[in-house]
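The next block is upload.cif, given as mmCIF, C-alpha atoms.
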```cif
data_final
loop_
_atom_site.label_atom_id
_atom_site.label_comp_id
_atom_site.auth_asym_id
_atom_site.auth_seq_id
_atom_site.Cartn_x
_atom_site.Cartn_y
_atom_site.Cartn_z
CA MET N 739 7.28 35.48 23.38
CA SER N 740 4.07 36.91 22.06
CA ILE N 741 0.85 36.36 23.95
CA LEU N 742 -0.47 34.23 21.11
CA LYS N 743 2.51 31.91 21.22
CA TYR N 744 2.29 31.69 24.98
CA LEU N 745 -1.38 30.72 24.83
CA HIS N 746 -0.47 28.15 22.20
CA THR N 747 1.98 26.40 24.54
CA LEU N 748 -0.70 26.15 27.21
CA ARG N 749 -2.96 24.03 25.03
CA PRO N 750 -2.49 20.26 25.01
CA LYS N 751 -0.52 19.04 22.00
CA LYS N 752 -2.64 17.92 19.08
CA THR N 753 -2.00 14.45 17.69
CA ALA N 754 -0.88 15.75 14.28
CA SER N 755 2.11 17.53 15.81
CA ILE N 756 2.99 14.43 17.83
CA ALA N 757 2.88 12.46 14.56
CA LYS N 758 5.12 14.99 12.84
CA GLU N 759 7.75 14.94 15.57
CA ARG N 760 7.81 11.15 15.72
CA LEU N 761 8.10 10.90 11.94
CA GLN N 762 10.90 13.44 11.74
CA ILE N 763 12.95 11.43 14.23
CA ILE N 764 12.37 7.98 12.74
CA VAL N 765 12.75 9.10 9.13
CA ALA N 766 16.04 10.87 9.89
CA HIS N 767 17.30 7.77 11.68
CA GLU N 768 16.35 5.46 8.84
CA ARG N 769 17.85 7.75 6.20
CA ASN N 770 21.08 7.70 8.15
CA LEU N 771 21.16 3.91 8.08
CA ARG N 772 20.31 3.93 4.40
CA ASP N 773 23.06 6.38 3.51
CA SER N 774 25.82 4.91 5.61
CA PRO N 775 27.97 2.65 3.48
CA VAL N 776 28.03 -1.03 4.25
CA ILE N 777 31.53 -1.65 5.51
CA GLU N 778 32.44 -5.26 4.97
CA TYR N 779 35.43 -5.41 7.28
CA LEU N 780 33.43 -4.13 10.25
CA PRO N 781 32.50 -7.49 11.87
CA LYS N 782 36.07 -8.78 11.51
CA MET N 783 37.54 -5.59 12.91
CA GLN N 784 35.13 -5.80 15.81
CA GLN N 785 36.29 -9.36 16.53
CA GLU N 786 39.98 -8.43 16.38
CA LEU N 787 39.52 -5.36 18.58
CA LEU N 788 37.79 -7.57 21.10
CA GLU N 789 40.77 -9.94 21.09
CA VAL N 790 43.19 -7.09 21.72
CA VAL N 791 41.12 -5.77 24.61
CA ARG N 792 40.91 -9.28 26.07
CA LYS N 793 44.68 -9.43 26.32
CA TYR N 794 44.43 -6.86 29.08
CA THR N 795 41.01 -7.26 30.67
CA GLU N 796 37.95 -9.48 30.71
CA VAL N 797 35.11 -8.37 28.46
CA GLN N 798 32.09 -10.23 27.12
CA ASP N 799 31.07 -10.28 23.45
CA GLU N 800 28.10 -8.04 24.13
CA ASP N 801 30.25 -5.50 26.00
CA ILE N 802 31.74 -4.12 22.83
CA LYS N 803 29.67 -2.01 20.47
CA ILE N 804 30.85 -0.59 17.19
CA ASN N 805 28.90 1.88 15.13
CA ILE N 806 29.43 4.10 12.12
CA GLU N 807 27.45 7.29 11.78
CA LYS N 808 27.40 9.87 9.08
CA ASP N 809 27.42 13.48 10.20
CA GLY N 810 27.34 15.73 7.16
CA GLU N 811 30.69 15.32 5.44
CA TYR N 812 32.21 13.18 8.18
CA GLU N 813 31.84 9.56 9.06
CA ILE N 814 32.23 8.81 12.73
CA LEU N 815 33.47 5.45 13.94
CA GLU N 816 32.19 4.92 17.44
CA LEU N 817 33.66 2.21 19.63
CA ASN N 818 32.15 1.45 23.01
CA ILE N 819 33.64 -1.01 25.45
CA VAL N 820 31.96 -1.60 28.77
CA LEU N 821 34.45 -2.68 31.45
CA SER N 822 33.16 -4.93 34.18
CA ASP N 823 33.13 -3.67 37.77
CA GLU N 824 35.99 -5.91 38.91
CA ASN N 825 38.44 -4.12 36.68
CA GLN N 826 37.74 -0.70 38.05
CA MET T 648 9.51 10.48 -26.61
CA ALA T 649 7.25 8.52 -24.29
CA LYS T 650 7.38 9.13 -20.56
CA ILE T 651 7.28 6.23 -18.13
CA ILE T 652 5.63 7.15 -14.83
CA VAL T 653 5.48 4.82 -11.83
CA VAL T 654 2.73 5.18 -9.25
CA THR T 655 4.22 3.88 -6.01
CA SER T 656 3.91 4.13 -2.22
CA GLY T 657 5.42 1.24 -0.30
CA LYS T 658 2.34 0.84 1.87
CA GLY T 659 -0.75 -0.90 0.52
CA GLY T 660 -4.23 0.57 0.45
CA VAL T 661 -3.22 4.21 0.08
CA GLY T 662 -4.65 4.62 -3.42
CA LYS T 663 -2.04 3.52 -5.97
CA THR T 664 -4.48 1.71 -8.26
CA THR T 665 -7.14 4.43 -7.92
CA THR T 666 -4.47 7.00 -8.76
CA SER T 667 -3.09 4.99 -11.70
CA ALA T 668 -6.57 4.56 -13.18
CA SER T 669 -7.63 8.17 -12.59
CA PHE T 670 -4.37 9.74 -13.69
CA ALA T 671 -4.13 7.62 -16.86
CA THR T 672 -7.76 8.41 -17.68
CA GLY T 673 -7.09 12.12 -17.10
CA LEU T 674 -4.11 12.10 -19.47
CA ALA T 675 -6.11 10.26 -22.14
CA LEU T 676 -8.98 12.74 -21.75
CA ARG T 677 -6.46 15.45 -22.57
CA GLY T 678 -5.72 13.68 -25.83
CA TYR T 679 -2.52 11.85 -24.95
CA GLN T 680 -1.94 8.26 -26.10
CA THR T 681 -1.84 6.56 -22.71
CA VAL T 682 -1.37 3.02 -21.46
CA VAL T 683 -1.65 1.92 -17.85
CA ILE T 684 0.14 -1.29 -16.80
CA ASP T 685 -0.74 -3.40 -13.76
CA PHE T 686 2.52 -4.62 -12.18
CA ASP T 687 0.74 -6.40 -9.34
CA VAL T 688 1.25 -9.91 -10.71
CA GLY T 689 -0.82 -12.41 -8.72
CA LEU T 690 -3.09 -9.75 -7.21
CA ARG T 691 -4.32 -7.85 -10.25
CA ASN T 692 -6.99 -5.26 -9.57
CA LEU T 693 -6.50 -2.46 -12.04
CA ASP T 694 -8.82 -4.33 -14.45
CA LEU T 695 -11.62 -4.22 -11.83
CA VAL T 696 -11.11 -0.54 -11.03
CA MET T 697 -11.10 0.25 -14.76
CA GLY T 698 -14.16 -1.95 -15.35
CA CYS T 699 -12.57 -4.23 -17.96
CA GLU T 700 -12.14 -7.40 -15.88
CA ARG T 701 -14.24 -9.51 -18.24
CA ARG T 702 -12.22 -8.50 -21.28
CA VAL T 703 -8.86 -9.85 -20.06
CA VAL T 704 -7.59 -12.63 -22.33
CA TYR T 705 -3.82 -12.28 -22.46
CA ASP T 706 -1.77 -10.51 -19.79
CA PHE T 707 1.58 -8.85 -19.13
CA VAL T 708 3.35 -12.14 -18.26
CA ASN T 709 1.91 -13.90 -21.33
CA VAL T 710 3.47 -11.21 -23.50
CA ILE T 711 6.84 -11.42 -21.71
CA ASN T 712 6.84 -15.19 -22.25
CA GLY T 713 5.77 -14.91 -25.88
CA GLU T 714 2.49 -16.75 -25.25
CA GLY T 715 0.52 -13.90 -26.80
CA ASN T 716 1.41 -10.65 -28.50
CA LEU T 717 1.12 -7.16 -27.10
CA ASN T 718 -1.85 -6.20 -29.28
CA GLN T 719 -3.80 -9.19 -28.00
CA ALA T 720 -3.08 -8.23 -24.39
CA LEU T 721 -3.79 -4.49 -24.60
CA ILE T 722 -7.40 -3.66 -23.71
CA LYS T 723 -8.81 -0.53 -25.32
CA ASP T 724 -10.98 1.50 -22.97
CA LYS T 725 -14.55 1.78 -24.24
CA ARG T 726 -15.22 5.21 -22.76
CA VAL T 727 -12.07 7.21 -23.40
CA GLU T 728 -10.19 7.49 -26.68
CA ASN T 729 -6.43 6.87 -26.55
CA LEU T 730 -6.60 4.85 -23.31
CA PHE T 731 -5.32 1.28 -23.04
CA ILE T 732 -4.89 -1.15 -20.14
CA LEU T 733 -2.28 -3.89 -19.88
CA PRO T 734 -3.51 -6.28 -17.18
CA ALA T 735 -1.28 -8.28 -14.81
CA SER T 736 -1.35 -12.04 -14.67
CA GLN T 737 -3.51 -13.45 -11.89
CA THR T 738 -2.10 -16.98 -11.83
CA ARG T 739 1.65 -16.26 -11.70
CA ASP T 740 3.82 -14.64 -9.09
CA LYS T 741 5.91 -11.51 -9.20
CA GLU T 742 9.11 -13.39 -10.00
CA ALA T 743 7.66 -13.87 -13.50
CA LEU T 744 8.71 -10.27 -14.21
CA THR T 745 12.33 -9.83 -15.25
CA ILE T 746 14.24 -6.66 -16.10
CA LYS T 747 14.86 -8.00 -19.59
CA GLY T 748 11.21 -8.97 -20.15
CA VAL T 749 9.84 -5.68 -18.83
CA ALA T 750 12.42 -3.72 -20.86
CA LYS T 751 11.33 -5.41 -24.08
CA ILE T 752 7.64 -4.60 -23.57
CA LEU T 753 8.27 -1.01 -22.49
CA GLU T 754 10.48 -0.50 -25.53
CA THR T 755 7.61 -1.52 -27.81
CA LEU T 756 5.07 0.57 -25.87
CA ARG T 757 7.32 3.65 -26.04
CA LYS T 758 6.91 3.73 -29.82
CA ARG T 759 3.14 3.82 -29.66
CA PHE T 760 2.27 5.75 -26.49
CA GLU T 761 3.07 9.16 -25.04
CA PHE T 762 2.54 8.17 -21.43
CA ILE T 763 3.13 4.77 -19.85
CA ILE T 764 1.74 4.56 -16.31
CA CYS T 765 3.08 1.72 -14.14
CA ASP T 766 0.81 0.75 -11.25
CA SER T 767 3.18 -0.67 -8.62
CA PRO T 768 2.32 -3.43 -6.16
CA ALA T 769 2.65 -2.62 -2.44
CA GLY T 770 5.86 -3.55 -0.64
CA ILE T 771 9.52 -3.00 -1.42
CA GLU T 772 10.25 -6.35 -3.03
CA HIS T 773 10.83 -7.55 -6.58
CA GLY T 774 7.41 -6.52 -7.97
CA ALA T 775 7.72 -2.94 -6.70
CA ILE T 776 11.27 -2.68 -8.03
CA MET T 777 10.19 -3.95 -11.47
CA ALA T 778 7.45 -1.30 -11.58
CA MET T 779 9.86 1.56 -10.76
CA TYR T 780 12.97 0.30 -12.55
CA PHE T 781 12.52 2.03 -15.91
CA ALA T 782 10.59 5.07 -14.67
CA ASP T 783 11.39 8.62 -15.81
CA GLU T 784 9.05 10.12 -13.22
CA ALA T 785 7.40 8.83 -10.04
CA ILE T 786 4.16 9.70 -8.32
CA VAL T 787 4.58 8.86 -4.64
CA VAL T 788 1.10 8.31 -3.20
CA THR T 789 0.96 9.08 0.51
CA ASN T 790 -1.83 9.25 3.10
CA PRO T 791 -1.40 11.89 5.85
CA GLU T 792 -0.77 9.16 8.38
CA VAL T 793 2.43 7.95 10.11
CA SER T 794 2.88 4.49 8.56
CA SER T 795 2.21 5.70 5.04
CA VAL T 796 4.66 8.62 5.34
CA ARG T 797 7.40 6.38 6.72
CA ASP T 798 6.91 3.81 3.93
CA SER T 799 6.92 6.57 1.31
CA ASP T 800 10.29 7.72 2.59
CA ARG T 801 11.57 4.19 2.17
CA ILE T 802 10.29 4.07 -1.41
CA ILE T 803 11.86 7.47 -2.18
CA GLY T 804 15.17 5.97 -1.04
CA MET T 805 14.70 3.07 -3.44
CA LEU T 806 13.83 5.37 -6.35
CA SER T 807 17.27 6.90 -5.96
CA SER T 808 19.17 3.64 -5.59
CA LYS T 809 17.40 0.65 -7.18
CA THR T 810 16.26 2.05 -10.52
CA ARG T 811 17.84 2.13 -13.96
CA ARG T 812 18.50 5.85 -13.73
CA ALA T 813 20.28 5.35 -10.41
CA VAL T 814 22.27 2.29 -11.48
CA GLN T 815 23.39 3.85 -14.76
CA ASN T 816 24.13 7.27 -13.22
CA LEU T 817 21.55 9.01 -15.42
CA PRO T 818 19.60 12.12 -14.33
CA ALA T 819 17.48 11.20 -11.31
CA ILE T 820 13.82 10.18 -11.51
CA LYS T 821 11.56 13.23 -11.21
CA GLU T 822 9.49 12.70 -8.07
CA HIS T 823 6.00 14.02 -7.31
CA LEU T 824 4.22 13.89 -3.96
CA LEU T 825 0.49 13.12 -4.15
CA ILE T 826 -1.38 13.16 -0.85
CA THR T 827 -4.59 11.14 -0.97
CA ARG T 828 -7.46 10.68 1.50
CA TYR T 829 -6.87 14.22 2.72
CA ALA T 830 -9.39 15.71 5.15
CA PRO T 831 -8.82 19.50 5.50
CA LYS T 832 -11.22 19.75 8.47
CA ARG T 833 -9.21 17.22 10.45
CA VAL T 834 -6.04 19.10 9.55
CA THR T 835 -7.56 22.33 10.90
CA SER T 836 -8.59 20.58 14.10
CA GLY T 837 -5.02 19.30 14.51
CA ASP T 838 -5.74 15.61 14.14
CA MET T 839 -4.25 15.06 10.70
CA LEU T 840 -0.83 15.84 9.26
CA SER T 841 -1.04 18.80 6.88
CA VAL T 842 0.32 19.01 3.34
CA GLU T 843 3.17 21.16 4.70
CA ASP T 844 3.99 18.59 7.39
CA VAL T 845 4.17 15.69 4.93
CA GLN T 846 6.09 17.75 2.40
CA GLU T 847 8.58 18.88 5.03
CA ILE T 848 9.26 15.29 6.09
CA LEU T 849 9.47 13.70 2.64
CA ALA T 850 11.13 16.68 0.92
CA ILE T 851 10.04 15.97 -2.65
CA PRO T 852 8.10 18.35 -4.96
CA PHE T 853 4.38 18.52 -4.21
CA LEU T 854 1.92 17.62 -6.97
CA GLY T 855 -1.45 17.82 -5.23
CA THR T 856 -3.99 16.45 -2.78
CA ILE T 857 -7.01 14.24 -3.35
CA PRO T 858 -9.72 14.71 -0.73
CA GLU T 859 -11.12 11.78 1.21
CA SER T 860 -14.32 11.14 -0.73
CA LYS T 861 -17.24 8.75 -0.94
CA SER T 862 -17.06 8.94 -4.71
CA VAL T 863 -13.80 6.94 -4.82
CA LEU T 864 -15.49 3.81 -3.46
CA GLN T 865 -18.54 4.43 -5.62
CA ALA T 866 -16.27 4.67 -8.67
CA SER T 867 -14.43 1.42 -7.95
CA ASN T 868 -17.74 -0.30 -7.11
CA SER T 869 -18.92 0.45 -10.62
CA GLY T 870 -15.58 0.08 -12.42
CA ILE T 871 -15.49 3.68 -13.63
CA PRO T 872 -12.33 5.75 -13.02
CA VAL T 873 -13.30 8.59 -10.65
CA THR T 874 -12.03 11.16 -13.16
CA LEU T 875 -15.06 10.32 -15.34
CA ASP T 876 -17.46 11.28 -12.52
CA LYS T 877 -18.01 14.98 -13.22
CA LYS T 878 -19.64 15.60 -9.86
CA SER T 879 -16.91 13.99 -7.79
CA ASP T 880 -14.60 16.23 -5.74
CA ALA T 881 -11.89 13.55 -5.95
CA GLY T 882 -12.37 13.28 -9.70
CA LYS T 883 -11.98 17.05 -10.09
CA ALA T 884 -8.89 16.95 -7.90
CA TYR T 885 -7.34 14.26 -10.13
CA LEU T 886 -8.05 16.37 -13.22
CA GLN T 887 -6.30 19.31 -11.55
CA VAL T 888 -3.36 17.05 -10.70
CA VAL T 889 -3.14 16.00 -14.36
CA ALA T 890 -3.22 19.65 -15.48
CA ARG T 891 -0.51 20.57 -13.00
CA PHE T 892 1.54 17.56 -14.07
CA LEU T 893 1.31 18.80 -17.67
CA GLY T 894 2.57 22.16 -16.44
CA GLU T 895 -0.62 24.06 -17.18
CA GLU T 896 -1.44 25.51 -13.81
CA PRO T 897 0.67 27.49 -11.41
CA PRO T 898 1.81 25.32 -8.50
CA VAL T 899 -0.73 25.16 -5.69
CA ARG T 900 -0.42 27.76 -3.06
CA GLU T 901 -1.44 27.41 0.52
CA LYS T 902 -4.76 29.10 1.15
CA LYS T 903 -4.35 31.28 4.17
CA GLY T 904 -7.16 32.71 6.19
CA PHE T 905 -7.43 36.40 6.91
CA LEU T 906 -6.46 35.91 10.57
CA THR T 907 -3.42 33.74 9.79
CA ARG T 908 -2.11 36.35 7.40
CA LEU T 909 -2.76 39.11 9.89
CA PHE T 910 -0.89 37.41 12.72
CA LYS T 911 1.93 35.93 10.73
CA ASN T 912 3.41 39.25 9.71
#
```

As structure tokens, the full file:
Amino acid sequence: MSILKYLHTLRPKKTASIAKERLQIIVAHERNLRDSPVIEYLPKMQQELLEVVRKYTEVQDEDIKINIEKDGEYEILELNIVLSDENQ
Amino acid sequence: MAKIIVVTSGKGGVGKTTTSASFATGLALRGYQTVVIDFDVGLRNLDLVMGCERRVVYDFVNVINGEGNLNQALIKDKRVENLFILPASQTRDKEALTIKGVAKILETLRKRFEFIICDSPAGIEHGAIMAMYFADEAIVVTNPEVSSVRDSDRIIGMLSSKTRRAVQNLPAIKEHLLITRYAPKRVTSGDMLSVEDVQEILAIPFLGTIPESKSVLQASNSGIPVTLDKKSDAGKAYLQVVARFLGEEPPVREKKGFLTRLFKN
């Protein structure tokens, strides 16, 4: 690291660079939402998955989260089920 | 063939109407047959900024509804040859605009004008979509400030999904980034997003910057487009933007100080 760069990191961050970082994150997030296709069967699938899981263990409605993300060429279906403590 | 250009931003108060008035005036000064249309039905203001508020008889919605003809509604600017204003209706709401109605008027205007500038209302609802729907090119007006940049990104998304060119799979709308209310000193001191920052985030071709300037308020106070104020820095900047838009000037290059150049290499 050059001396100039090192000195730069010692200075407190200016507000413009804070603004830029925050914008880059939120804009990327919102573009992702915009570009991901609306999948109509998602709520129904979520409900049915929940029913299957309930055959084996107790879970609440809010314990299951389903999410689709786009990562370049791929679409990732993410399914998260939180098991309650009693089951573990 | 006439070009339809929408001036849009998402966020209100960033300078859409000032830009529409100044840009249209600049094009007309260069000899192009130009009309500027106020799409802000219910909150019309382009007439005030252009200084023709007392000459409005028929408006955009009247013409769509057949209550008056286009020639009765078009106001000829008294200062600049080739410049016409089509005012919005003040008593109706934005739902009065329909794709069919707007299409019919634009079709007629295309035969007579070389540039049709559409001044969009703020927001992302019906009125803003009507303003952008038929556009060939778009000027996205952005302030170097977080909420404006975020809203511009939203509008850029809509340009590529909610417009005629998007729906009919035609070549995409040509987008231009215009940064207004720019204060280079605050950028240097690190308290304002720079042109490069905004351009990096929005990722559309850069058209120019308009400096934060007292003359913009003075111009709207007196109903004279700022491009007609020869002493105004903002007016000069708009004229440069028009020249660049017409492809006359090389694209702006970042001015680098001696020290920056020395240390960067």

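Any residue of chain T with an atom within 10 Å of chain N counts; using only C-alpha atoms, that gives Pro791, Glu792, Val793, Ser794, Val796, Arg797, Asp798, Asp800, Arg801, Gly804, Met805, Arg833, Val834, Thr835, Ser836, Gly837, Asp838, Met839, Leu840, Ser841, Asp844, Val845, Glu847, Ile848, Leu849 and Phe910 of chain T.
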
Listed atoms of region 807-812 of chain N boxed axis-aligned with 6 Å per side, centre + edges as lines of an AutoDock Vina configuration file:
```
center_x = 29.8
center_y = 11.5
center_z = 8.6
size_x = 16.9
size_y = 20.4
size_z = 18.3
```

Can you turn the PyMOL selection byres ((chain T and resi 705) around 6) into a concrete residue list for this file, as a list in words? Val704, Asp706 and Ala720 of chain T

Mind writing the picked residues with C-alpha atoms as a PDB file, in the coordinates of the input?
```
ATOM      1  CA  VAL T 704      -7.590 -12.630 -22.330  1.00  0.00           C
ATOM      2  CA  ASP T 706      -1.770 -10.510 -19.790  1.00  0.00           C
ATOM      3  CA  ALA T 720      -3.080  -8.230 -24.390  1.00  0.00           C
TER       4      ALA T 720
END
```

Nearest to Tyr779 (chain N), restricted to all atoms listed in the file and choosing among N:Tyr812, N:Ile804, N:Ser740, N:Asn818, comes out as N:Ile804

Which residues match the PyMOL selection byres ((chain T and resi 787) around 8) in the file above, as a PyMOL selection string? chain T and resi 654-656+785-786+788-789+799+803+822-825

With the PyMOL selection byres ((chain T and resi 727-733) around 6) as the selection, what would be picked from this file? Answer as a PDB file with C-alpha atoms, in the frame of the given file, please.
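Writing the result to out-v8.pdb gives the following:
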```pdb
ATOM      1  CA  ALA T 675      -6.110  10.260 -22.140  1.00  0.00           C
ATOM      2  CA  GLN T 680      -1.940   8.260 -26.100  1.00  0.00           C
ATOM      3  CA  THR T 681      -1.840   6.560 -22.710  1.00  0.00           C
ATOM      4  CA  VAL T 682      -1.370   3.020 -21.460  1.00  0.00           C
ATOM      5  CA  VAL T 683      -1.650   1.920 -17.850  1.00  0.00           C
ATOM      6  CA  ILE T 684       0.140  -1.290 -16.800  1.00  0.00           C
ATOM      7  CA  LEU T 721      -3.790  -4.490 -24.600  1.00  0.00           C
ATOM      8  CA  ILE T 722      -7.400  -3.660 -23.710  1.00  0.00           C
ATOM      9  CA  LYS T 723      -8.810  -0.530 -25.320  1.00  0.00           C
ATOM     10  CA  ASP T 724     -10.980   1.500 -22.970  1.00  0.00           C
ATOM     11  CA  ARG T 726     -15.220   5.210 -22.760  1.00  0.00           C
ATOM     12  CA  PRO T 734      -3.510  -6.280 -17.180  1.00  0.00           C
TER      13      PRO T 734
END
```

Write out as a list of chain:residue names which residues come within 12 Å of Asp809 (chain N) when counting only C-alpha atoms, dropping same-chain ones fewer than 2 positions away.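 My list of contacting residues is N:Ala766, N:His767, N:Arg769, N:Asn770, N:Leu771, N:Asp773, N:Ser774, N:Ile806, N:Glu807, N:Glu811, N:Tyr812, N:Glu813, N:Ile814, N:Leu815.
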
Leaving out region 790-802 of chain N and any residue of its chain fewer than 5 positions from it, which residues lie within 7 Å of it when counting all atoms listed in the file, given as a list in words? Asn818, Ile819, Val820, Leu821 and Ser822 of chain N

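In this model, the gap between CA of Gly698 (chain T) and CA of Val873 (chain T) comes to 11.6 Å.
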
What is the CA of Arg812 (chain T)-CA of Tyr780 (chain T) distance in Å, reported with one decimal?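 It comes out at 7.9 Å.
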
For Ala743 (chain T), please output as an MDAnalysis selection string all residues within 12 Å (counting all atoms listed in the file; exclusion window: fewer than 2 positions along the same chain). chainID T and resid 686:689 706:712 735:741 745:749 773:774 777

Can you write out the residues you just picked, keeping C-alpha atoms, as a compact mmCIF listing (two decimals), in the coordinates of the input?
```
# COMPACT_ATOMS: atom_id res chain seq x y z
CA PHE T 686 2.52 -4.62 -12.18
CA ASP T 687 0.74 -6.40 -9.34
CA VAL T 688 1.25 -9.91 -10.71
CA GLY T 689 -0.82 -12.41 -8.72
CA ASP T 706 -1.77 -10.51 -19.79
CA PHE T 707 1.58 -8.85 -19.13
CA VAL T 708 3.35 -12.14 -18.26
CA ASN T 709 1.91 -13.90 -21.33
CA VAL T 710 3.47 -11.21 -23.50
CA ILE T 711 6.84 -11.42 -21.71
CA ASN T 712 6.84 -15.19 -22.25
CA ALA T 735 -1.28 -8.28 -14.81
CA SER T 736 -1.35 -12.04 -14.67
CA GLN T 737 -3.51 -13.45 -11.89
CA THR T 738 -2.10 -16.98 -11.83
CA ARG T 739 1.65 -16.26 -11.70
CA ASP T 740 3.82 -14.64 -9.09
CA LYS T 741 5.91 -11.51 -9.20
CA THR T 745 12.33 -9.83 -15.25
CA ILE T 746 14.24 -6.66 -16.10
CA LYS T 747 14.86 -8.00 -19.59
CA GLY T 748 11.21 -8.97 -20.15
CA VAL T 749 9.84 -5.68 -18.83
CA HIS T 773 10.83 -7.55 -6.58
CA GLY T 774 7.41 -6.52 -7.97
CA MET T 777 10.19 -3.95 -11.47
```

With distances taken over all atoms listed in the file, which of T:Gly713, T:Leu854, T:Lys663, T:Ala866 is nearest to Phe892 (chain T)?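 Among the listed residues, T:Leu854 lies closest to Phe892 (chain T).
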
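When CA of Ser860 (chain T) is paired with CA of Pro768 (chain T), their separation reads 22.8 Å.
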